[in-house]
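Shown below: model.csv, with CSV, C-alpha atoms.
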chain,number,residue,atom,x,y,z
N,6,MET,CA,120.4,115.0,123.7
N,7,ASN,CA,120.5,111.8,121.8
N,8,ALA,CA,117.1,111.2,120.2
N,9,LYS,CA,115.9,107.6,119.6
N,10,PRO,CA,115.0,106.8,116.0
N,11,ASP,CA,111.3,107.1,115.3
N,12,HIS,CA,110.5,103.9,113.5
N,13,ARG,CA,107.0,105.1,112.7
N,14,ARG,CA,108.5,107.4,110.1
N,15,TRP,CA,110.4,104.7,108.4
N,16,PRO,CA,109.0,103.3,105.1
N,17,VAL,CA,107.1,100.1,105.9
N,18,SER,CA,109.4,98.1,103.6
N,19,HIS,CA,112.4,99.2,105.5
N,20,LEU,CA,110.8,98.5,108.9
N,21,ALA,CA,109.7,95.1,107.6
N,22,ARG,CA,113.2,94.1,106.4
N,23,SER,CA,114.8,95.1,109.8
N,24,LEU,CA,112.2,93.3,111.9
N,25,SER,CA,111.8,90.1,109.8
N,26,LEU,CA,115.3,89.1,110.8
N,27,ARG,CA,114.1,88.8,114.4
N,28,LEU,CA,110.4,88.2,114.2
N,29,THR,CA,108.5,85.5,112.4
N,30,GLY,CA,104.9,84.3,111.9
N,31,ALA,CA,102.0,85.9,113.7
N,32,ALA,CA,104.1,88.1,115.9
N,33,PHE,CA,105.7,89.9,112.9
N,34,VAL,CA,102.4,90.2,111.1
N,35,ALA,CA,100.7,91.7,114.2
N,36,LEU,CA,103.5,94.2,114.8
N,37,LEU,CA,103.5,95.3,111.1
N,38,ALA,CA,99.7,95.7,111.1
N,39,ALA,CA,99.9,97.8,114.3
N,40,GLY,CA,102.6,100.0,112.8
N,41,CYS,CA,100.5,100.6,109.7
N,42,ALA,CA,97.5,101.5,111.8
N,43,SER,CA,99.4,104.0,113.8
N,44,HIS,CA,100.5,105.7,110.6
N,45,ASP,CA,97.0,105.8,109.0
N,46,LEU,CA,96.8,109.4,107.8
N,47,LYS,CA,93.0,109.2,107.0
N,48,ASN,CA,92.2,107.9,110.5
N,49,PRO,CA,94.5,109.7,113.0
N,50,GLY,CA,92.1,109.3,115.9
N,51,PRO,CA,89.6,111.5,117.8
N,52,ALA,CA,92.4,113.7,119.2
N,53,TRP,CA,93.0,115.0,115.7
N,54,PRO,CA,93.3,117.9,114.8
N,55,THR,CA,95.6,119.8,117.0
N,56,THR,CA,93.9,123.0,118.0
N,57,PRO,CA,93.6,125.7,117.0
N,58,SER,CA,93.5,124.6,113.4
N,59,VAL,CA,93.1,126.1,109.9
N,60,ILE,CA,90.2,125.1,107.7
N,61,ALA,CA,90.5,126.2,104.0
N,62,HIS,CA,87.1,127.7,103.2
N,63,ARG,CA,86.3,126.4,99.7
N,64,GLY,CA,90.1,125.9,99.3
N,65,ALA,CA,92.4,128.9,99.1
N,66,SER,CA,89.5,130.8,97.5
N,67,ALA,CA,91.2,134.2,98.0
N,68,LEU,CA,93.9,133.0,95.6
N,69,ARG,CA,92.2,130.6,93.1
N,70,PRO,CA,88.5,130.2,92.0
N,71,GLU,CA,86.7,128.5,94.8
N,72,HIS,CA,85.9,124.8,94.9
N,73,THR,CA,88.5,123.7,92.3
N,74,LEU,CA,91.3,121.2,92.7
N,75,ALA,CA,93.7,124.1,92.2
N,76,ALA,CA,92.1,126.0,95.2
N,77,TYR,CA,92.3,122.9,97.4
N,78,ARG,CA,95.9,122.2,96.3
N,79,LYS,CA,97.0,125.7,97.0
N,80,ALA,CA,95.3,125.6,100.4
N,81,ILE,CA,97.3,122.5,101.3
N,82,GLU,CA,100.5,124.0,100.0
N,83,ASP,CA,99.8,127.1,102.2
N,84,GLY,CA,99.4,125.0,105.4
N,85,ALA,CA,95.7,124.2,105.8
N,86,ASP,CA,94.9,121.5,108.3
N,87,SER,CA,91.7,120.7,106.5
N,88,ILE,CA,89.9,121.7,103.3
N,89,GLU,CA,86.2,122.4,103.0
N,90,PRO,CA,84.2,121.2,99.9
N,91,ASP,CA,80.6,122.2,99.7
N,92,LEU,CA,78.7,119.3,98.2
N,93,VAL,CA,75.7,119.2,95.8
N,94,ALA,CA,74.5,116.4,93.6
N,95,THR,CA,74.3,115.9,89.8
N,96,ARG,CA,71.3,114.4,88.0
N,97,ASP,CA,73.0,111.0,88.1
N,98,GLY,CA,73.7,111.2,91.8
N,99,VAL,CA,77.4,112.1,91.9
N,100,LEU,CA,78.6,114.5,94.7
N,101,VAL,CA,80.4,117.5,93.3
N,102,ALA,CA,81.9,120.6,94.9
N,103,ARG,CA,79.9,123.9,94.4
N,104,HIS,CA,78.8,126.4,97.0
N,105,GLU,CA,75.4,126.4,95.4
N,106,ASN,CA,73.5,124.1,93.1
N,107,GLU,CA,72.9,127.1,90.9
N,108,ILE,CA,76.1,127.5,89.0
N,109,SER,CA,75.9,130.5,86.7
N,110,GLY,CA,78.0,132.6,89.0
N,111,THR,CA,80.9,130.1,89.3
N,112,THR,CA,81.0,128.5,85.8
N,113,ASN,CA,80.7,129.5,82.1
N,114,VAL,CA,77.4,127.6,81.7
N,115,ALA,CA,75.5,130.6,80.5
N,116,GLU,CA,77.9,130.9,77.5
N,117,LEU,CA,77.4,127.4,76.2
N,118,ALA,CA,74.6,127.3,73.6
N,119,GLN,CA,74.0,123.5,74.1
N,120,PHE,CA,72.8,124.2,77.6
N,121,ALA,CA,70.7,127.3,77.0
N,122,ALA,CA,67.5,125.4,77.4
N,123,ARG,CA,68.5,124.1,80.8
N,124,LYS,CA,68.0,127.6,82.4
N,125,ALA,CA,65.2,127.4,84.9
N,126,SER,CA,63.6,129.0,88.0
N,127,LYS,CA,63.3,126.9,91.2
N,128,THR,CA,62.4,127.5,94.8
N,129,ILE,CA,65.4,126.6,96.9
N,130,ASP,CA,64.9,126.8,100.7
N,131,GLY,CA,62.0,129.1,100.2
N,132,VAL,CA,63.8,131.5,97.8
N,133,VAL,CA,63.1,131.7,94.0
N,134,VAL,CA,66.4,131.2,92.1
N,135,SER,CA,66.9,131.5,88.4
N,136,GLY,CA,69.8,129.9,86.5
N,137,TRP,CA,71.4,126.5,85.8
N,138,PHE,CA,71.4,123.8,88.5
N,139,THR,CA,73.7,120.9,89.1
N,140,GLU,CA,70.8,118.4,89.4
N,141,ASP,CA,69.8,119.1,85.8
N,142,PHE,CA,73.2,117.9,84.5
N,143,THR,CA,74.9,114.6,84.4
N,144,LEU,CA,78.5,114.5,85.7
N,145,ALA,CA,79.7,114.1,82.1
N,146,GLU,CA,77.8,117.3,81.1
N,147,LEU,CA,79.1,119.2,84.1
N,148,LYS,CA,82.7,118.3,83.2
N,149,LEU,CA,82.2,120.3,80.0
N,150,LEU,CA,81.9,123.5,82.1
N,151,ARG,CA,84.8,125.5,83.4
N,152,ALA,CA,85.0,127.3,86.7
N,153,ARG,CA,85.3,131.0,87.1
N,154,GLU,CA,85.9,133.5,89.9
N,155,ARG,CA,82.7,134.2,91.9
N,156,ILE,CA,83.5,137.7,93.2
N,157,PRO,CA,85.9,139.3,90.6
N,158,ALA,CA,85.5,142.8,92.0
N,159,ASN,CA,87.1,141.6,95.3
N,160,ARG,CA,89.5,139.1,93.7
N,161,PRO,CA,90.5,140.5,90.3
N,162,ALA,CA,93.7,138.5,90.3
N,163,ASN,CA,91.7,135.3,90.2
N,164,VAL,CA,90.1,136.1,86.9
N,165,LYS,CA,93.2,135.0,85.1
N,166,TYR,CA,92.3,131.4,86.1
N,167,ASP,CA,88.8,131.6,84.6
N,168,GLY,CA,88.2,128.7,82.2
N,169,GLN,CA,91.1,126.6,83.4
N,170,TYR,CA,89.5,124.2,85.9
N,171,THR,CA,86.6,121.8,85.9
N,172,ILE,CA,84.1,121.1,88.7
N,173,PRO,CA,85.6,118.4,90.9
N,174,THR,CA,83.8,115.4,92.3
N,175,LEU,CA,84.1,114.4,96.0
N,176,GLN,CA,86.1,111.4,94.8
N,177,GLU,CA,88.6,113.6,93.0
N,178,ILE,CA,89.0,115.8,96.1
N,179,ILE,CA,89.6,112.7,98.3
N,180,ASP,CA,92.2,111.5,95.8
N,181,LEU,CA,94.0,114.9,96.0
N,182,VAL,CA,93.9,114.9,99.8
N,183,ASP,CA,95.2,111.4,99.9
N,184,SER,CA,98.1,112.1,97.5
N,185,GLU,CA,99.0,115.4,99.2
N,186,SER,CA,98.8,113.8,102.7
N,187,ARG,CA,101.2,111.0,101.7
N,188,ALA,CA,103.6,113.4,100.0
N,189,ARG,CA,103.8,115.5,103.2
N,190,ASN,CA,103.4,112.6,105.7
N,191,LYS,CA,100.7,114.8,107.3
N,192,THR,CA,97.0,114.2,107.9
N,193,ILE,CA,94.9,116.7,105.9
N,194,GLY,CA,91.3,116.7,106.9
N,195,LEU,CA,88.0,116.9,105.0
N,196,VAL,CA,85.2,119.2,106.2
N,197,PRO,CA,82.4,118.8,103.7
N,198,GLU,CA,79.2,120.8,104.0
N,199,LEU,CA,76.0,119.3,102.7
N,200,LYS,CA,74.2,122.1,100.8
N,201,HIS,CA,70.4,122.4,100.8
N,202,PRO,CA,69.9,118.8,102.1
N,203,SER,CA,66.1,119.1,102.4
N,204,TYR,CA,65.8,120.3,98.9
N,205,PHE,CA,67.9,117.5,97.5
N,206,LYS,CA,66.0,115.0,99.5
N,207,SER,CA,62.7,116.4,98.0
N,208,ILE,CA,63.9,115.7,94.4
N,209,GLY,CA,65.1,112.2,95.1
N,210,LEU,CA,68.8,113.0,95.5
N,211,PRO,CA,69.5,112.8,99.2
N,212,LEU,CA,73.1,113.7,100.1
N,213,GLU,CA,73.6,111.9,103.4
N,214,ARG,CA,74.0,108.3,102.4
N,215,ARG,CA,76.0,109.3,99.3
N,216,VAL,CA,78.6,111.2,101.4
N,217,VAL,CA,78.8,108.4,103.9
N,218,ASP,CA,79.2,105.7,101.2
N,219,VAL,CA,82.0,107.7,99.4
N,220,LEU,CA,83.9,108.3,102.7
N,221,ALA,CA,83.6,104.7,103.8
N,222,ALA,CA,84.7,103.4,100.4
N,223,ASN,CA,87.8,105.4,100.7
N,224,GLY,CA,88.8,104.1,104.1
N,225,TYR,CA,87.5,106.8,106.4
N,226,ARG,CA,86.4,105.1,109.6
N,227,GLY,CA,84.0,107.0,111.9
N,228,ARG,CA,85.3,109.1,114.8
N,229,ASP,CA,88.9,108.1,114.1
N,230,ALA,CA,88.6,109.7,110.6
N,231,ALA,CA,90.0,113.1,109.6
N,232,VAL,CA,86.5,114.2,108.7
N,233,PHE,CA,83.9,116.7,110.0
N,234,ILE,CA,80.5,116.8,108.2
N,235,GLN,CA,78.6,120.1,108.3
N,236,SER,CA,75.1,121.3,107.8
N,237,PHE,CA,72.9,124.3,108.5
N,238,GLU,CA,70.0,122.0,109.0
N,239,THR,CA,69.5,119.8,112.0
N,240,GLY,CA,67.5,116.7,110.9
N,241,ASN,CA,70.1,115.5,108.4
N,242,LEU,CA,72.8,115.7,111.1
N,243,LYS,CA,70.7,113.5,113.3
N,244,GLU,CA,70.3,111.1,110.4
N,245,LEU,CA,74.0,111.1,109.9
N,246,ARG,CA,74.6,110.4,113.6
N,247,ALA,CA,72.4,107.3,113.3
N,248,MET,CA,73.9,106.0,110.1
N,249,ALA,CA,77.6,106.7,110.6
N,250,GLY,CA,80.1,107.7,113.3
N,251,TYR,CA,81.8,110.6,111.6
N,252,ARG,CA,82.1,113.8,113.6
N,253,LEU,CA,79.4,116.3,112.9
N,254,VAL,CA,79.3,120.1,112.8
N,255,GLN,CA,76.1,122.2,113.3
N,256,LEU,CA,76.5,125.5,111.4
N,257,VAL,CA,74.6,128.5,112.8
N,258,SER,CA,73.9,131.9,111.5
N,259,PRO,CA,73.2,135.2,113.4
N,260,SER,CA,69.6,135.3,112.1
N,261,GLY,CA,67.1,133.0,110.5
N,262,ALA,CA,66.4,129.4,111.1
N,263,PRO,CA,67.4,125.9,109.7
N,264,HIS,CA,65.3,125.3,106.6
N,265,ASP,CA,64.1,121.9,107.8
N,266,ALA,CA,62.8,123.6,111.0
N,267,ILE,CA,60.9,126.1,108.8
N,268,GLU,CA,59.4,123.3,106.8
N,269,ALA,CA,58.5,121.4,110.0
N,270,GLY,CA,57.0,124.5,111.5
N,271,ASN,CA,58.5,123.8,114.9
N,272,GLY,CA,59.6,127.4,115.5
N,273,LEU,CA,63.3,126.6,116.1
N,274,THR,CA,65.6,129.5,115.2
N,275,TYR,CA,69.4,130.0,115.2
N,276,ALA,CA,68.9,132.5,118.0
N,277,ASP,CA,67.4,129.6,120.0
N,278,MET,CA,70.3,127.3,119.1
N,279,ILE,CA,73.1,129.7,120.3
N,280,THR,CA,71.7,129.9,123.9
N,281,PRO,CA,73.2,127.6,126.6
N,282,GLU,CA,70.1,125.4,126.4
N,283,GLY,CA,70.3,125.4,122.6
N,284,LEU,CA,74.0,124.4,122.6
N,285,ARG,CA,73.2,121.5,125.0
N,286,ALA,CA,70.6,120.3,122.5
N,287,ILE,CA,73.2,120.5,119.7
N,288,ALA,CA,75.6,118.5,121.7
N,289,ARG,CA,73.2,115.5,121.7
N,290,TYR,CA,73.9,114.9,118.0
N,291,ALA,CA,76.9,117.0,117.0
N,292,ASP,CA,80.5,117.4,118.1
N,293,VAL,CA,81.1,121.0,116.9
N,294,VAL,CA,79.1,124.2,116.6
N,295,ALA,CA,80.2,126.5,113.9
N,296,PRO,CA,78.9,130.1,114.3
N,297,TYR,CA,79.2,133.1,112.0
N,298,LYS,CA,82.0,135.2,113.5
N,299,THR,CA,79.9,138.0,114.8
N,300,ILE,CA,78.2,135.6,117.2
N,301,VAL,CA,81.6,135.2,118.9
N,302,ILE,CA,82.9,138.7,118.6
N,303,PRO,CA,80.3,141.3,117.5
N,304,ARG,CA,81.2,144.5,115.7
N,305,ASP,CA,80.2,148.0,117.0
N,306,ALA,CA,78.5,150.7,115.1
N,307,ALA,CA,81.8,151.8,113.6
N,308,GLY,CA,82.6,148.3,112.3
N,309,GLU,CA,85.3,147.6,114.9
N,310,LEU,CA,85.6,144.4,116.8
N,311,GLY,CA,83.8,144.5,120.1
N,312,ALA,CA,84.2,142.4,123.2
N,313,ALA,CA,83.9,138.6,122.9
N,314,THR,CA,80.5,137.2,124.0
N,315,ARG,CA,80.1,134.1,126.2
N,316,PHE,CA,79.4,131.9,123.2
N,317,VAL,CA,82.7,130.0,123.3
N,318,GLU,CA,82.4,129.5,127.1
N,319,ASP,CA,78.8,128.3,126.7
N,320,ALA,CA,79.7,125.9,123.9
N,321,ARG,CA,82.6,124.4,126.0
N,322,GLY,CA,80.2,124.0,128.8
N,323,ALA,CA,77.9,122.0,126.5
N,324,GLY,CA,80.8,119.8,125.4
N,325,LEU,CA,81.1,121.3,121.9
N,326,ALA,CA,84.2,122.5,120.0
N,327,VAL,CA,83.9,125.8,118.1
N,328,HIS,CA,84.8,126.4,114.5
N,329,VAL,CA,84.2,130.0,113.4
N,330,TRP,CA,83.5,131.3,109.8
N,331,THR,CA,84.6,133.0,107.7
N,332,MET,CA,87.9,135.0,107.7
N,333,ARG,CA,88.5,136.8,104.4
N,334,PRO,CA,91.5,139.1,103.6
N,335,GLU,CA,89.8,141.8,101.5
N,336,ASN,CA,88.8,145.2,103.0
N,337,PRO,CA,85.0,144.8,102.8
N,338,PHE,CA,85.1,141.7,105.0
N,339,LEU,CA,87.5,143.1,107.7
N,340,PRO,CA,86.8,145.2,110.8
N,341,THR,CA,87.3,148.9,110.0
N,342,GLY,CA,90.6,149.2,111.9
N,343,LEU,CA,92.2,146.3,110.1
N,344,ARG,CA,91.5,147.5,106.5
N,345,ALA,CA,94.4,148.6,104.3
N,346,ALA,CA,94.5,151.9,102.4
N,347,PRO,CA,92.6,152.9,100.5
N,348,ALA,CA,90.0,151.6,102.9
N,349,ASP,CA,87.2,151.8,100.4
N,350,SER,CA,89.0,149.5,97.9
N,351,PRO,CA,87.0,146.2,97.4
N,352,SER,CA,90.1,144.2,96.6
N,353,GLN,CA,92.8,145.7,98.8
N,354,ARG,CA,93.9,143.2,101.4
N,355,GLY,CA,94.2,144.3,105.1
N,356,ASP,CA,95.3,142.7,108.3
N,357,ALA,CA,93.4,139.4,108.1
N,358,ALA,CA,95.9,137.8,110.5
N,359,GLY,CA,94.9,140.4,113.1
N,360,GLU,CA,91.3,139.4,112.9
N,361,ILE,CA,92.1,135.7,113.1
N,362,ARG,CA,94.2,136.4,116.2
N,363,ALA,CA,91.3,138.0,117.9
N,364,TYR,CA,89.2,134.9,117.5
N,365,LEU,CA,92.0,132.6,118.6
N,366,GLU,CA,92.3,134.7,121.7
N,367,ALA,CA,88.6,134.3,122.2
N,368,GLY,CA,89.2,130.5,122.4
N,369,VAL,CA,87.9,129.1,119.1
N,370,ASP,CA,89.2,125.7,118.1
N,371,ALA,CA,89.4,126.4,114.3
N,372,VAL,CA,88.9,129.1,111.8
N,373,PHE,CA,87.5,128.9,108.3
N,374,THR,CA,89.6,131.2,106.1
N,375,ASP,CA,89.8,132.0,102.4
N,376,ASP,CA,93.5,132.6,102.8
N,377,PRO,CA,95.0,129.6,104.6
N,378,ALA,CA,98.6,131.0,104.5
N,379,THR,CA,97.4,133.9,106.7
N,380,GLY,CA,95.5,131.5,108.9
N,381,ARG,CA,98.6,129.3,109.3
N,382,THR,CA,100.7,132.3,110.3
N,383,ALA,CA,98.2,133.4,112.9
N,384,VAL,CA,97.7,130.0,114.4
N,385,ASP,CA,101.4,129.2,114.5
N,386,ALA,CA,102.1,132.4,116.3
N,387,VAL,CA,99.5,131.5,118.9
N,388,ARG,CA,100.8,128.0,119.3
N,389,LYS,CA,104.4,129.3,120.0
N,390,HIS,CA,103.1,131.3,122.9
Target encoding structure tokens, full file:
Amino acid sequence: MNAKPDHRRWPVSHLARSLSLRLTGAAFVALLAAGCASHDLKNPGPAWPTTPSVIAHRGASALRPEHTLAAYRKAIEDGADSIEPDLVATRDGVLVARHENEISGTTNVAELAQFAARKASKTIDGVVVSGWFTEDFTLAELKLLRARERIPANRPANVKYDGQYTIPTLQEIIDLVDSESRARNKTIGLVPELKHPSYFKSIGLPLERRVVDVLAANGYRGRDAAVFIQSFETGNLKELRAMAGYRLVQLVSPSGAPHDAIEAGNGLTYADMITPEGLRAIARYADVVAPYKTIVIPRDAAGELGAATRFVEDARGAGLAVHVWTMRPENPFLPTGLRAAPADSPSQRGDAAGEIRAYLEAGVDAVFTDDPATGRTAVDAVRKH
């Protein structure tokens, strides 16, 4: 079959030269603008991403220390459709990627004498935490720190990267995604999670306007953008819905409650939110519900995968997509039957693709995984069938 040439893949300069011989004035300008718009990798339209898709949880965190540019780059190389940066704020209001604002477990801050006096105890979402906190450092000070592996017993190979990488800003992550997307001619999405939003608002460093402003300044435009913003709280997602058109993700746990609901004393729990009525309420302000994986497929007493619940079906009925978290390759995180020998090894990697396939068969739209290469393999196998 003779395929017609796909002009959308031509460099703009080549397309311009070929068309300028036949088109002039407003017609040429309009056509060129339309061609550029159709090739906007940051704003591919609401139909993006193709499902099911692979979200790199904190980057390729099974292979590099989490939330580093190296982890995000490795995730993209391994085929992730999107990367997930968890966002917290510095003292001077810059958004940076750390899973928690307490950073002693993921950096060398405790070893630096000049910051010894910064150690503190704080109440974060009702829990007393001791250590060093991003909001007590300027960005320039944080850049003096170096990342390290958070769970070395599970990921001993990652320890060799300790001390090599800095804490990245959201802007640096966007720059990486932009560069890698252009190099691959492929949209790579951003799935940022706002961490402890009520806490940061309480100390005068609200995250919501900051993330919207950075995304907008970089050309991400509402629902057309390759962006999903996540939160375990509900109020800040409602604020985001009012202030910007980006697609939103309500994260839910198998127990507990959103911290803003606890502070408000309204009695809302995650158990309430995963009922059909609760899912319909989520759909009034969010586009996606992201449950912990046992909400979709529980495990039995022996640690094996059980039968899928009605959760995906109920979410679909409410008009929500489902992104499930988190798929990890090491034995302790896998169902019993998918672990590799020796089964009691904390670092041995088992059949993570098998676990992912079970969730894809249950109908989820995306999986968060620490090992995007495994996720890519599982998703591609499902798509072929």
Excluding same-chain residues fewer than 6 positions from N:Ser350, what lies within 9 Å of it counting only C-alpha atoms, as a ChimeraX atom specification? /N:159,335-337
Based on the selection just made, write C-alpha atoms of those residues as a short mmCIF file (atom, residue, chain, number, x, y, z; two decimals), in the frame of the given file.
data_model
loop_
_atom_site.label_atom_id
_atom_site.label_comp_id
_atom_site.auth_asym_id
_atom_site.auth_seq_id
_atom_site.Cartn_x
_atom_site.Cartn_y
_atom_site.Cartn_z
CA ASN N 159 87.10 141.60 95.30
CA GLU N 335 89.80 141.80 101.50
CA ASN N 336 88.80 145.20 103.00
CA PRO N 337 85.00 144.80 102.80
#
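Counting only C-alpha atoms, the residue from N:His328, N:Arg160, N:Arg187, N:His390 that sits nearest to N:Gln235 is N:His328.
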Restricting to all atoms listed in the file, whichever of N:Ser186, N:Gln169, N:Ser109, N:Gln353 is closest to N:Ile88 is N:Ser186
Between atom CA of N:Pro70 and atom CA of N:Ile108, distance in Å (one decimal): 13.0 Å
Among N:Thr280, N:Asn48, N:Ser58, N:Thr112, N:Gly380 is approached most closely, using all atoms listed in the file, by N:Ser58
What gap, in Å, lies between atom CA of N:Gly261 and atom CA of N:Met332? 21.1 Å
Could you check the closest approach to N:Val93 for each of N:Val59, N:Ile172, N:Val369, N:Ala152 and tell me which residue wins, using only C-alpha atoms?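 Distance minimum relative to N:Val93 lands on N:Ile172.
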Applying 12 Å and all atoms listed in the file, which residues near N:Glu185 remain after dropping the ones on its own chain fewer than 6 positions away? List them as a list in words.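 These residues fall inside the cut-off: Leu46, Lys47, Leu74, Tyr77, Arg78, Lys79, Ala80, Ile81, Glu82, Gly84, Ala85, Asp86, Ser87, Ile88, Ile178, Ile179, Lys191, Thr192, Ile193 and Gly194 of chain N.
Picture a line from atom CA of N:Glu282 to atom CA of N:Glu213; it runs 26.9 Å.
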Could all heavy atoms be built for stretch 64-71 of chain N and written out as a CSV table (one decimal), in the coordinates of the input?
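Output contents, as saved in result-v2.csv:
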chain,number,residue,atom,x,y,z
N,64,GLY,N,88.7,125.9,99.8
N,64,GLY,CA,90.1,125.9,99.3
N,64,GLY,C,90.7,127.2,99.6
N,64,GLY,O,90.2,128.0,100.4
N,65,ALA,N,91.8,127.5,98.9
N,65,ALA,CA,92.4,128.9,99.1
N,65,ALA,C,91.7,129.8,98.1
N,65,ALA,O,92.2,130.3,97.1
N,65,ALA,CB,93.9,128.8,98.7
N,66,SER,N,90.4,130.1,98.5
N,66,SER,CA,89.5,130.8,97.5
N,66,SER,C,89.9,132.3,97.3
N,66,SER,O,89.3,132.9,96.4
N,66,SER,CB,88.1,130.6,98.0
N,66,SER,OG,87.9,131.0,99.3
N,67,ALA,N,90.7,132.8,98.2
N,67,ALA,CA,91.2,134.2,98.0
N,67,ALA,C,92.3,134.2,96.9
N,67,ALA,O,92.6,135.3,96.4
N,67,ALA,CB,91.8,134.8,99.3
N,68,LEU,N,92.8,133.0,96.5
N,68,LEU,CA,93.9,133.0,95.6
N,68,LEU,C,93.6,132.2,94.3
N,68,LEU,O,94.4,132.3,93.3
N,68,LEU,CB,95.1,132.3,96.3
N,68,LEU,CG,95.5,133.1,97.5
N,68,LEU,CD1,96.5,132.2,98.4
N,68,LEU,CD2,96.2,134.4,97.2
N,69,ARG,N,92.6,131.4,94.3
N,69,ARG,CA,92.2,130.6,93.1
N,69,ARG,C,90.6,130.5,93.1
N,69,ARG,O,90.0,130.6,94.2
N,69,ARG,CB,92.7,129.1,93.2
N,69,ARG,CG,94.2,129.0,93.3
N,69,ARG,CD,94.9,129.4,92.0
N,69,ARG,NE,96.3,129.1,92.0
N,69,ARG,CZ,97.3,129.9,92.5
N,69,ARG,NH1,96.9,131.1,93.0
N,69,ARG,NH2,98.5,129.6,92.5
N,70,PRO,N,90.0,130.3,92.0
N,70,PRO,CA,88.5,130.2,92.0
N,70,PRO,C,88.1,129.1,92.9
N,70,PRO,O,88.7,128.0,92.9
N,70,PRO,CB,88.2,129.8,90.5
N,70,PRO,CG,89.3,130.5,89.7
N,70,PRO,CD,90.6,130.3,90.6
N,71,GLU,N,87.1,129.4,93.7
N,71,GLU,CA,86.7,128.5,94.8
N,71,GLU,C,86.2,127.1,94.3
N,71,GLU,O,85.7,127.0,93.2
N,71,GLU,CB,85.6,129.1,95.6
N,71,GLU,CG,84.3,129.3,94.8
N,71,GLU,CD,83.2,130.1,95.6
N,71,GLU,OE1,83.6,131.0,96.3
N,71,GLU,OE2,82.0,129.8,95.4
